[in-house]
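Engineer: This is the structure I have questions about; it appears just below.
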Amino acid sequence: MPGENLTRSEAQERRAIVDTKAYDVTLDLTRGAEVFRSRSVVHFTATEGASTFIDLIAREVHEITLNGRTIDASAYADSRIALDELAADNELVIEADCLYTNTGEGLHRFVDPVDDEVYLYSQFEVPDSRRMFAVFEQPDLKAEFTFTVTAPAHWKVVSNSPTPDPIPAGEGVATWAFEATPKMSSYITALIAGPYESTHSELTNADGRVIPLGIFARKSLWQYMDADYIFDKTREGFAYYAEKFDYPYPFAKYDQLFVPEFNAGAMENIGAVTFTETYVFRSKVTDAIKERRVVTILHELAHMWFGDLVTMKWWNDLWLNESFAEWASTIATAEATEWKAAWTTFNAMEKTWAYRQDQLPSTHPIVAEINDLEDVQVNFDGITYAKGGSVLKQLTAWVGIEEFFAGVAAYFKKHAYSNTELSDLLVELEAASGRDLSTWSKKWLETAGVNTLSPVVDTDVDGKITRFAITQTAPADYPTIRPHRLGVGFYDLVDGALTRSHYLELDVDGDRTDVPELKGRKRPDLVLLNDNDLAYAKIRLDEVSLRTAIEHLSDISDPLARSLVWGAAWDQTRDAETAATDYIELVLGNIGNETESTTVRTTLAQVQQAANTYVAPEARDAARARVADGVWELAQAAAAGSDNQLQFAQALASSASTPEQVERARQLRDGEIVLDGLEIDTDLSWQLLVALAAGGVVDEAAIDAALAEDNTAKGGEFAAQARAALPGREAKQKAWDSLVERSDLPNTIVRSAAAGLTHPATISDLTAFVPQYFDRISSIWESRTFQIADYLATGLYPSGLANHDLRDATRAWLSANPDAAPALRRTVAESLAVVERALAAQERDAE
């Protein structure tokens with residue numbers, strides 16, 4: 001991002017000079033497909049006589065006027081406009097032509113292939129409101145924003161304030177003049193415009209105000225929108241948060257908009273939350289996806305308090321937004337909706353993500369050191385979201401949930417519409433709980449790394465425990481030993497069920513914690529540390545417990561306990577302590593009876609990773625075949641129409657590797673094989689077609705034919721993935737060139753094509769592309785927007801090769817490019833760590 005970065009020190013210096021009051025932003029969206037006119041009138045105070053700059057990314061600047069004084073357009077350079085000789089009170093006018101994007105950054109423009117209608121939406125986090133209007137782009141310069149938008153008259157136009165009636169502005173054109181927003185940060189301003197369909201409702205807020213609710217989606221997707229259900233979950237979230245936060249929803253309305261080609265799950269724009277269209281279900285989806293949508297809805301709603309009402313001063317406290325929203329949305333899902341097992345889902349997905357991220361070389365404290373914008377853009381990761389949420393769950397167990405909510409409520413009341421740091425929150429939590437949190441903060445929020453907890457169990461000849469202890473270790477690079485509040489569960493086989501026979505909750509600290517309370521008890525069949533999942537730590541199963549798990553994991557009655565055992569077995573496999581081949585047998589022998597959809601989803605992804613990269617190279621083909629055959633057997637045995645049946649069928653599509661398995665996928669897709677209750681709907685048909693493409697049994701003509709039948713945005717993404725999955729050097733070079741040599745592909749096509757290019761069934765074809773990757777990655781990073789550069793740096797890396805040659809080439813690039821962009825070096829270093837871990841697992845599997 002040449003010229004587009006902003007350092008923390010620059011932001012601090014600017015904040016010391018400037019205080020923003022209000023923006024009046026006028027946008028003309030009727031100037032064609034490439035640009036729109038943007039006029040910003042900015043009112044701000046400043047240190048008299050000082051100099052600073054304002055941010056803007058534009059094609060052309062037409063006017064710059066400061067306090068009536070014209071500034072030459074040459075003051076605009078490298079996304080900044082220099083402002084000199086400031087007054088105490090200032091009015092700045094900047095008019096420019098800004099560019100629409102197709103990268104999901106700034107003001108994104110999408111043309112629906114179904115009906116050629118144009119849809120726009122904004123995505124500004126972290127630094128992209130400057131792509132739509134001139135702005136002091138940093139979170140602690142809050143202001144009121146007034147938007148006036150001219151657009152085609154048949155469009156709907158949505159922003160943070162309630163949508164006004166449009167005023168005719170010429171033939172087929174209208175203007176929407178929105179009221180000023182409350183004081184807010186620029187990255188959560190929003191504009192969504194186009195011929196969206198919508199439906200509306202309302203609720204009575206805790207303070208008695210009537211809050212209008214809206215749900216929006218493209219016309220061609222509207223038939224699939226289950227708006228009533230989304231309204232129901234929204235109401236449940238409103239009621240839960242209003243009670244627990246003791247602070248009513250603070251804004252004027254709440255719209256939820258499902259928009260095309262979105263880069264993330266959702267974005268918490270005040271009163272105008274945008275969501276990925278993945279959450280509009282045009283085909284049957286798993287319960288895991290359904291539950292994830294509910295969690296996402298409540299995550300974004302939680303942000304109206306955490307992040308929007310109260311915002312971090314700088315991005316090192318991003319966790320004050322994301323960790324809290326992650327925790328709050330999970331507890332709200334579990335306590336306010338029908339998804340009562342949300343904490344099991346959290347363990348299976350979020351904590352697995354957190355543990356993985358926390359063992360990469362790029363791990364960082366939850367309160368991270370953020371030097372500039374590039375730092376923060378790569379910090380939307382498993383530490384900031386999932387580890388932070390996990391640690392907050394542990395904190396609530398330590399201080400008490402009621403005391404925790406009381407501290408949060410006081411925090412909102414004291415800091416509403418302002419900016420905060422970590423210390424501001426800790427003050428309120430300490431006051432509410434009576435606990436000193438300084439040591440806790442240093443060990444949990446200000447240090448990196450994950451601890452490992454292991455049981456030590458000694459017994460006598462009668463099988464009674466003579467000593468029980470819990471050991472704690474930490475990685476050498478991050479040696480912090482932390483306090484944990486956790487449960488210890490004893491599980492015994494009784495009438496074919498593995499049921500908890502004893503539970504003890506205790507505090508663990510230091511290298512070893514003896515547990516005398518368990519002395520004299522009969523040794524159980526399975527010892528489960530961190531039962532109930534209070535702590536954030538990897539856990540180990542002792543030999544007896546691991547053997548019990550392999551034979552009886554599916555017989556554990558409690559789904560959260562099963563999830564913890566699944567996670568422990570996976571961690572031991574990733575850490576090369578147990579063989580990947582054994583993990584494959586554990587999964588295939590037990591996953592068929594798993595009842596929790598997200599546990600099934602994550603475990604199926606993990607078993608495929610084990611077969612693809614963790615098994616010894618000489619056994620890899622057999623392992624991949626074993627997994628694909630195994631999931632097919634599970635699909636056949638699953639209940640008709642069940643969630644598991646769908647997941648196993650999808651796993652067949654992603655794991656098929658032998659000619660026989662690819663033929664089975666073809667027969668399933670074409671209806672020659674029928675599983676009772678399984679519908680080969682549009683999305684599953686595409687998933688199977690990708691498998692056929694990777695297997696080399698269909699060509700581009702077949703993919704084109706499928707796209708002609710499903711000429712939609714989603715169909716285009718699947719088609720791009722299928723084309724890139726085709727085997728052979730020529731097909732791979734064509735896919736590679738489409739991504740590397742062209743710069744006009746939209747974000748979702750880039751992401752889909754990269755996934756196809758690195759398909760496990762054709763990964764060996766990428767050996768020849770390793771030199772190309774390292775020859776081009778620096779220029780790609782420098783020439784593309786952050787989002788596209790990140791997709792390519794991550795997506796084109798052939799980690800599935802998982803061999804010594806790739807490891808050595810990656811190390812050589814890192815050694816030869818010490819001055820490459822830090823965010824790029826982080827991405828490549830993370831990829832190297834994945835390969836090094838795979839190589840260690842392969843060595844263990846070969847023993």
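As shown in the structure tokens, the chain order sets the letters A, B, ...; within each chain, residues go from 1, and ligands are also counted from 1 in the order they appear.
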Using DSSP assignments from the backbone, pull out every residue in segment 21-213 of chain A that falls under strand (DSSP E) and give it to me as a CSV table (one decimal) with N, CA and C atoms, in the first residue's frame.
Structural biologist:
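This went into result-v4.csv:
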chain,number,residue,atom,x,y,z
A,21,LYS,N,-15.5,18.0,14.4
A,21,LYS,CA,-16.8,18.3,14.9
A,21,LYS,C,-17.9,17.6,14.0
A,22,ALA,N,-17.8,17.9,12.7
A,22,ALA,CA,-18.9,17.4,11.8
A,22,ALA,C,-18.3,17.3,10.3
A,23,TYR,N,-18.9,16.4,9.6
A,23,TYR,CA,-18.7,16.2,8.2
A,23,TYR,C,-20.1,16.3,7.5
A,24,ASP,N,-20.1,17.1,6.4
A,24,ASP,CA,-21.2,17.1,5.5
A,24,ASP,C,-20.7,16.6,4.2
A,25,VAL,N,-21.2,15.3,3.9
A,25,VAL,CA,-20.7,14.6,2.7
A,25,VAL,C,-21.8,14.5,1.7
A,26,THR,N,-21.5,15.0,0.5
A,26,THR,CA,-22.4,15.0,-0.6
A,26,THR,C,-21.9,14.0,-1.7
A,27,LEU,N,-22.7,13.0,-2.1
A,27,LEU,CA,-22.2,12.0,-3.1
A,27,LEU,C,-23.2,12.0,-4.3
A,28,ASP,N,-22.6,12.0,-5.5
A,28,ASP,CA,-23.4,11.8,-6.7
A,28,ASP,C,-23.0,10.5,-7.3
A,35,VAL,N,-16.6,6.1,-11.6
A,35,VAL,CA,-16.4,7.1,-10.6
A,35,VAL,C,-17.7,7.6,-10.0
A,36,PHE,N,-17.6,8.2,-8.9
A,36,PHE,CA,-18.7,9.0,-8.3
A,36,PHE,C,-18.1,10.3,-7.8
A,37,ARG,N,-18.9,11.3,-7.7
A,37,ARG,CA,-18.4,12.6,-7.2
A,37,ARG,C,-18.6,12.7,-5.7
A,38,SER,N,-17.6,13.1,-5.0
A,38,SER,CA,-17.6,13.2,-3.5
A,38,SER,C,-17.2,14.6,-3.1
A,39,ARG,N,-18.1,15.2,-2.3
A,39,ARG,CA,-17.8,16.6,-1.8
A,39,ARG,C,-17.9,16.5,-0.3
A,40,SER,N,-16.8,16.8,0.4
A,40,SER,CA,-16.8,16.8,1.9
A,40,SER,C,-16.6,18.2,2.4
A,41,VAL,N,-17.4,18.6,3.3
A,41,VAL,CA,-17.2,19.8,4.1
A,41,VAL,C,-17.0,19.4,5.5
A,42,VAL,N,-15.8,19.7,6.0
A,42,VAL,CA,-15.3,19.2,7.3
A,42,VAL,C,-15.1,20.4,8.2
A,43,HIS,N,-15.8,20.3,9.4
A,43,HIS,CA,-15.7,21.3,10.4
A,43,HIS,C,-14.8,20.7,11.6
A,44,PHE,N,-13.7,21.4,11.9
A,44,PHE,CA,-12.9,20.9,13.0
A,44,PHE,C,-12.1,22.0,13.6
A,45,THR,N,-11.7,21.8,14.9
A,45,THR,CA,-10.9,22.7,15.6
A,45,THR,C,-9.5,22.3,15.5
A,46,ALA,N,-8.5,23.2,15.7
A,46,ALA,CA,-7.1,22.8,15.6
A,46,ALA,C,-6.3,23.8,16.4
A,52,THR,N,-1.2,19.9,9.4
A,52,THR,CA,-1.5,18.4,9.5
A,52,THR,C,-1.9,17.9,8.1
A,53,PHE,N,-2.7,16.9,8.1
A,53,PHE,CA,-3.1,16.4,6.8
A,53,PHE,C,-4.5,15.6,7.0
A,54,ILE,N,-5.2,15.5,5.9
A,54,ILE,CA,-6.5,14.8,5.8
A,54,ILE,C,-6.3,13.7,4.8
A,55,ASP,N,-7.0,12.6,5.0
A,55,ASP,CA,-6.9,11.4,4.1
A,55,ASP,C,-7.9,11.4,3.0
A,60,GLU,N,-9.2,11.9,-8.9
A,60,GLU,CA,-8.9,13.3,-9.2
A,60,GLU,C,-9.5,14.2,-8.2
A,61,VAL,N,-8.7,15.2,-7.7
A,61,VAL,CA,-9.2,16.1,-6.8
A,61,VAL,C,-9.6,17.4,-7.6
A,62,HIS,N,-10.8,17.9,-7.4
A,62,HIS,CA,-11.2,19.1,-8.2
A,62,HIS,C,-11.1,20.4,-7.3
A,63,GLU,N,-11.3,20.3,-6.0
A,63,GLU,CA,-11.3,21.5,-5.2
A,63,GLU,C,-10.8,21.2,-3.8
A,64,ILE,N,-10.0,22.1,-3.3
A,64,ILE,CA,-9.5,22.1,-1.9
A,64,ILE,C,-9.6,23.5,-1.4
A,65,THR,N,-10.5,23.8,-0.5
A,65,THR,CA,-10.6,25.1,0.1
A,65,THR,C,-10.6,25.0,1.6
A,66,LEU,N,-9.7,25.7,2.2
A,66,LEU,CA,-9.5,25.7,3.7
A,66,LEU,C,-9.8,27.1,4.2
A,69,ARG,N,-9.8,29.8,1.7
A,69,ARG,CA,-8.5,29.9,0.9
A,69,ARG,C,-8.3,28.7,0.0
A,70,THR,N,-8.2,28.9,-1.3
A,70,THR,CA,-8.0,27.8,-2.2
A,70,THR,C,-6.6,27.2,-2.1
A,76,TYR,N,-2.4,17.4,-2.8
A,76,TYR,CA,-2.9,16.0,-2.7
A,76,TYR,C,-1.8,15.1,-3.2
A,77,ALA,N,-1.3,14.2,-2.4
A,77,ALA,CA,-0.3,13.3,-2.8
A,77,ALA,C,-0.2,12.1,-1.9
A,80,ARG,N,-2.9,11.7,0.8
A,80,ARG,CA,-3.0,12.7,1.8
A,80,ARG,C,-3.1,14.1,1.2
A,81,ILE,N,-3.8,15.0,1.9
A,81,ILE,CA,-3.9,16.4,1.5
A,81,ILE,C,-3.3,17.2,2.7
A,82,ALA,N,-2.2,17.9,2.3
A,82,ALA,CA,-1.5,18.7,3.4
A,82,ALA,C,-2.4,19.9,3.7
A,83,LEU,N,-2.5,20.2,5.0
A,83,LEU,CA,-3.2,21.3,5.5
A,83,LEU,C,-2.3,22.2,6.4
A,89,ASP,N,-10.8,27.5,14.5
A,89,ASP,CA,-12.0,26.8,14.0
A,89,ASP,C,-11.8,26.8,12.5
A,90,ASN,N,-12.1,25.6,11.9
A,90,ASN,CA,-11.8,25.4,10.4
A,90,ASN,C,-12.9,24.8,9.7
A,91,GLU,N,-13.1,25.3,8.4
A,91,GLU,CA,-14.0,24.7,7.5
A,91,GLU,C,-13.2,24.3,6.3
A,92,LEU,N,-13.2,23.0,6.0
A,92,LEU,CA,-12.4,22.5,4.8
A,92,LEU,C,-13.4,21.9,3.8
A,93,VAL,N,-13.2,22.3,2.6
A,93,VAL,CA,-14.1,21.7,1.5
A,93,VAL,C,-13.2,21.0,0.5
A,94,ILE,N,-13.5,19.8,0.2
A,94,ILE,CA,-12.8,19.0,-0.8
A,94,ILE,C,-13.8,18.3,-1.7
A,95,GLU,N,-13.6,18.5,-3.0
A,95,GLU,CA,-14.4,17.8,-4.0
A,95,GLU,C,-13.5,17.0,-4.9
A,96,ALA,N,-13.9,15.8,-5.1
A,96,ALA,CA,-13.1,14.8,-5.9
A,96,ALA,C,-14.0,13.8,-6.6
A,97,ASP,N,-13.3,13.2,-7.6
A,97,ASP,CA,-13.9,12.0,-8.2
A,97,ASP,C,-13.2,10.8,-7.6
A,98,CYS,N,-14.0,9.9,-6.9
A,98,CYS,CA,-13.5,8.7,-6.3
A,98,CYS,C,-14.0,7.5,-7.1
A,99,LEU,N,-13.2,6.4,-6.9
A,99,LEU,CA,-13.4,5.2,-7.7
A,99,LEU,C,-14.3,4.2,-7.0
A,106,GLY,N,-13.8,0.2,0.5
A,106,GLY,CA,-14.4,1.4,0.0
A,106,GLY,C,-15.8,1.3,-0.4
A,107,LEU,N,-16.2,1.9,-1.5
A,107,LEU,CA,-17.6,1.8,-2.1
A,107,LEU,C,-17.5,0.7,-3.2
A,108,HIS,N,-18.0,-0.5,-2.9
A,108,HIS,CA,-18.0,-1.6,-3.8
A,108,HIS,C,-19.1,-1.6,-4.7
A,109,ARG,N,-18.9,-1.8,-6.0
A,109,ARG,CA,-19.9,-1.8,-7.0
A,109,ARG,C,-20.0,-3.2,-7.6
A,110,PHE,N,-21.2,-3.7,-7.7
A,110,PHE,CA,-21.5,-5.1,-8.2
A,110,PHE,C,-22.7,-5.0,-9.2
A,111,VAL,N,-22.5,-5.7,-10.3
A,111,VAL,CA,-23.6,-5.9,-11.3
A,111,VAL,C,-24.1,-7.3,-11.2
A,118,VAL,N,-27.5,-2.8,-10.6
A,118,VAL,CA,-26.2,-2.4,-10.0
A,118,VAL,C,-26.5,-2.3,-8.5
A,119,TYR,N,-25.6,-2.8,-7.7
A,119,TYR,CA,-25.7,-2.7,-6.2
A,119,TYR,C,-24.4,-2.1,-5.6
A,120,LEU,N,-24.5,-1.2,-4.7
A,120,LEU,CA,-23.4,-0.6,-4.0
A,120,LEU,C,-23.5,-0.9,-2.5
A,121,TYR,N,-22.3,-1.0,-1.9
A,121,TYR,CA,-22.2,-1.0,-0.4
A,121,TYR,C,-20.8,-0.6,0.0
A,122,SER,N,-20.8,0.0,1.2
A,122,SER,CA,-19.5,0.4,1.7
A,122,SER,C,-18.9,-0.6,2.7
A,123,GLN,N,-17.6,-0.6,2.7
A,123,GLN,CA,-16.9,-1.4,3.7
A,123,GLN,C,-15.6,-0.6,4.0
A,144,GLU,N,-19.9,14.0,14.0
A,144,GLU,CA,-21.2,13.8,13.4
A,144,GLU,C,-21.0,13.8,11.9
A,145,PHE,N,-21.8,12.9,11.2
A,145,PHE,CA,-21.7,12.8,9.8
A,145,PHE,C,-23.1,13.0,9.2
A,146,THR,N,-23.2,13.9,8.2
A,146,THR,CA,-24.4,14.1,7.4
A,146,THR,C,-24.2,13.8,6.0
A,147,PHE,N,-24.9,12.8,5.5
A,147,PHE,CA,-24.8,12.3,4.1
A,147,PHE,C,-25.9,12.8,3.2
A,148,THR,N,-25.6,13.3,2.1
A,148,THR,CA,-26.6,13.7,1.1
A,148,THR,C,-26.2,12.9,-0.2
A,149,VAL,N,-27.1,12.1,-0.7
A,149,VAL,CA,-26.8,11.2,-1.8
A,149,VAL,C,-27.8,11.3,-3.0
A,150,THR,N,-27.2,11.5,-4.2
A,150,THR,CA,-28.0,11.5,-5.4
A,150,THR,C,-27.8,10.2,-6.1
A,151,ALA,N,-28.9,9.6,-6.5
A,151,ALA,CA,-28.8,8.2,-7.1
A,151,ALA,C,-30.0,8.0,-8.0
A,152,PRO,N,-30.0,6.9,-8.7
A,152,PRO,CA,-31.2,6.6,-9.5
A,152,PRO,C,-32.4,6.5,-8.6
A,156,LYS,N,-33.0,2.0,-3.5
A,156,LYS,CA,-33.1,2.3,-2.1
A,156,LYS,C,-31.7,2.8,-1.6
A,157,VAL,N,-31.7,3.7,-0.7
A,157,VAL,CA,-30.4,4.3,-0.2
A,157,VAL,C,-30.5,4.2,1.3
A,158,VAL,N,-29.5,3.6,1.9
A,158,VAL,CA,-29.4,3.3,3.3
A,158,VAL,C,-28.1,3.8,3.9
A,159,SER,N,-28.2,4.5,5.1
A,159,SER,CA,-27.0,4.9,5.8
A,159,SER,C,-27.2,4.7,7.2
A,167,ILE,N,-36.0,13.1,-2.7
A,167,ILE,CA,-36.5,14.4,-3.4
A,167,ILE,C,-36.1,14.2,-4.9
A,168,PRO,N,-37.1,14.4,-5.8
A,168,PRO,CA,-36.7,14.3,-7.2
A,168,PRO,C,-35.6,15.3,-7.6
A,173,VAL,N,-33.8,10.4,-11.4
A,173,VAL,CA,-32.8,10.7,-10.4
A,173,VAL,C,-33.5,11.3,-9.1
A,174,ALA,N,-32.9,11.0,-8.0
A,174,ALA,CA,-33.5,11.5,-6.7
A,174,ALA,C,-32.3,11.8,-5.8
A,175,THR,N,-32.6,12.6,-4.7
A,175,THR,CA,-31.6,12.9,-3.7
A,175,THR,C,-32.2,12.6,-2.3
A,176,TRP,N,-31.3,11.9,-1.5
A,176,TRP,CA,-31.7,11.5,-0.2
A,176,TRP,C,-30.8,12.4,0.8
A,177,ALA,N,-31.4,13.2,1.6
A,177,ALA,CA,-30.7,14.0,2.6
A,177,ALA,C,-30.9,13.5,4.0
A,191,LEU,N,-22.8,3.4,3.6
A,191,LEU,CA,-23.7,3.7,2.5
A,191,LEU,C,-24.0,2.5,1.7
A,192,ILE,N,-25.3,2.1,1.6
A,192,ILE,CA,-25.7,1.0,0.8
A,192,ILE,C,-26.8,1.5,-0.1
A,193,ALA,N,-26.6,1.2,-1.4
A,193,ALA,CA,-27.5,1.8,-2.4
A,193,ALA,C,-27.7,0.8,-3.6
A,194,GLY,N,-28.9,0.8,-4.1
A,194,GLY,CA,-29.3,-0.1,-5.2
A,194,GLY,C,-30.7,-0.5,-5.1
A,197,GLU,N,-34.4,-5.3,-2.4
A,197,GLU,CA,-35.7,-5.6,-1.8
A,197,GLU,C,-35.5,-5.4,-0.3
A,198,SER,N,-36.6,-5.1,0.4
A,198,SER,CA,-36.6,-5.0,1.8
A,198,SER,C,-37.9,-5.3,2.5
A,199,THR,N,-37.8,-5.6,3.8
A,199,THR,CA,-39.0,-5.8,4.6
A,199,THR,C,-38.7,-5.1,5.9
A,200,HIS,N,-39.8,-4.7,6.6
A,200,HIS,CA,-39.5,-3.8,7.8
A,200,HIS,C,-40.4,-4.2,9.0
A,201,SER,N,-39.9,-4.0,10.1
A,201,SER,CA,-40.6,-4.2,11.4
A,201,SER,C,-40.1,-3.2,12.4
A,202,GLU,N,-40.4,-3.5,13.7
A,202,GLU,CA,-40.0,-2.5,14.7
A,202,GLU,C,-40.0,-3.2,16.0
A,203,LEU,N,-39.4,-2.6,17.0
A,203,LEU,CA,-39.5,-3.1,18.4
A,203,LEU,C,-39.4,-2.0,19.3
A,204,THR,N,-39.9,-2.2,20.5
A,204,THR,CA,-39.9,-1.2,21.5
A,204,THR,C,-38.6,-1.3,22.3
A,210,VAL,N,-39.4,3.5,19.9
A,210,VAL,CA,-39.6,2.5,18.9
A,210,VAL,C,-38.5,2.5,17.9
A,211,ILE,N,-37.8,1.3,17.8
A,211,ILE,CA,-36.7,1.2,16.9
A,211,ILE,C,-37.1,0.5,15.6
A,212,PRO,N,-37.1,1.2,14.5
A,212,PRO,CA,-37.4,0.6,13.2
A,212,PRO,C,-36.3,-0.5,12.8
A,213,LEU,N,-36.8,-1.6,12.3
A,213,LEU,CA,-35.9,-2.7,11.9
A,213,LEU,C,-36.1,-2.9,10.4
Engineer: Could you name the residues that touch segment 798-804 of chain A at 7 Å or less, counting only C-alpha atoms, but leaving out those on the same chain fewer than 2 positions away, as a list of chain:residue names?
Structural biologist: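 The contact residues come out as A:Asn612, A:Thr613, A:Thr758, A:Pro760, A:Ile763, A:Ser764, A:Leu766, A:Leu796, A:Leu806, A:Arg807, A:Asp808, A:Ser831, A:Val835, A:Ala838, A:Leu839.
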Engineer: Suppose we keep N, CA, C and O atoms; can you now write the selection as a tab-separated table (two decimals), in the first residue's frame?
Structural biologist:
chain	number	residue	atom	x	y	z
A	612	ASN	N	-4.09	-35.10	4.09
A	612	ASN	CA	-3.44	-34.38	2.98
A	612	ASN	C	-2.00	-33.97	3.29
A	612	ASN	O	-1.15	-33.95	2.39
A	613	THR	N	-1.71	-33.64	4.56
A	613	THR	CA	-0.38	-33.08	4.85
A	613	THR	C	0.31	-33.66	6.06
A	613	THR	O	1.53	-33.47	6.20
A	758	THR	N	-5.26	-24.50	-5.67
A	758	THR	CA	-4.54	-25.28	-4.67
A	758	THR	C	-5.36	-26.48	-4.18
A	758	THR	O	-5.14	-26.98	-3.07
A	760	PRO	N	-6.51	-29.99	-3.12
A	760	PRO	CA	-5.63	-31.09	-2.71
A	760	PRO	C	-5.43	-32.17	-3.77
A	760	PRO	O	-4.35	-32.78	-3.84
A	763	ILE	N	-2.65	-30.81	-6.10
A	763	ILE	CA	-1.61	-29.99	-5.48
A	763	ILE	C	-0.23	-30.28	-6.07
A	763	ILE	O	0.63	-29.39	-6.15
A	764	SER	N	0.01	-31.51	-6.51
A	764	SER	CA	1.34	-31.82	-7.06
A	764	SER	C	1.64	-31.01	-8.30
A	764	SER	O	2.81	-30.78	-8.63
A	766	LEU	N	1.40	-27.99	-8.60
A	766	LEU	CA	1.88	-26.66	-8.22
A	766	LEU	C	3.37	-26.63	-7.89
A	766	LEU	O	3.91	-25.57	-7.59
A	796	LEU	N	-2.34	-18.35	-2.93
A	796	LEU	CA	-1.46	-18.94	-3.94
A	796	LEU	C	-0.33	-19.77	-3.33
A	796	LEU	O	0.34	-20.52	-4.05
A	806	LEU	N	9.53	-26.95	-0.46
A	806	LEU	CA	8.74	-25.75	-0.20
A	806	LEU	C	9.23	-25.06	1.06
A	806	LEU	O	9.35	-23.82	1.10
A	807	ARG	N	9.54	-25.83	2.08
A	807	ARG	CA	10.06	-25.23	3.32
A	807	ARG	C	11.34	-24.44	3.03
A	807	ARG	O	11.49	-23.29	3.46
A	808	ASP	N	12.25	-25.05	2.27
A	808	ASP	CA	13.55	-24.41	2.01
A	808	ASP	C	13.38	-23.17	1.15
A	808	ASP	O	14.06	-22.15	1.38
A	831	SER	N	2.84	-19.11	6.72
A	831	SER	CA	2.77	-20.23	5.79
A	831	SER	C	3.91	-21.21	6.02
A	831	SER	O	3.73	-22.44	5.97
A	835	VAL	N	3.92	-25.39	7.09
A	835	VAL	CA	4.68	-26.45	6.44
A	835	VAL	C	5.60	-27.15	7.44
A	835	VAL	O	5.70	-28.39	7.45
A	838	ALA	N	3.63	-29.49	9.51
A	838	ALA	CA	3.26	-30.68	8.74
A	838	ALA	C	4.44	-31.65	8.63
A	838	ALA	O	4.26	-32.87	8.75
A	839	LEU	N	5.63	-31.14	8.42
A	839	LEU	CA	6.81	-32.00	8.30
A	839	LEU	C	7.07	-32.74	9.61
A	839	LEU	O	7.43	-33.94	9.60
Engineer: Just checking: using only C-alpha atoms, which residue out of A:Asp462, A:Asp629, A:Glu663, A:Glu137 ends up closest to Thr7 of chain A?
Structural biologist: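 So, comparing all the options, the nearest one is A:Glu137.
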Engineer: For each of A:Asp128, A:Glu543, A:Glu847, A:Asp744, take the minimum atom-to-atom distance to Ala190 of chain A, counting only C-alpha atoms, then give the residue where this is smallest.
Structural biologist: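 For Ala190 of chain A, the nearest of the candidates is A:Asp128.
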Engineer: For Trp222 of chain A, which of A:Val259, A:Val456, A:Ala610, A:Ala341 is the closest residue, counting only C-alpha atoms?
Structural biologist: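 Result for the nearest residue to Trp222 of chain A: A:Val259.
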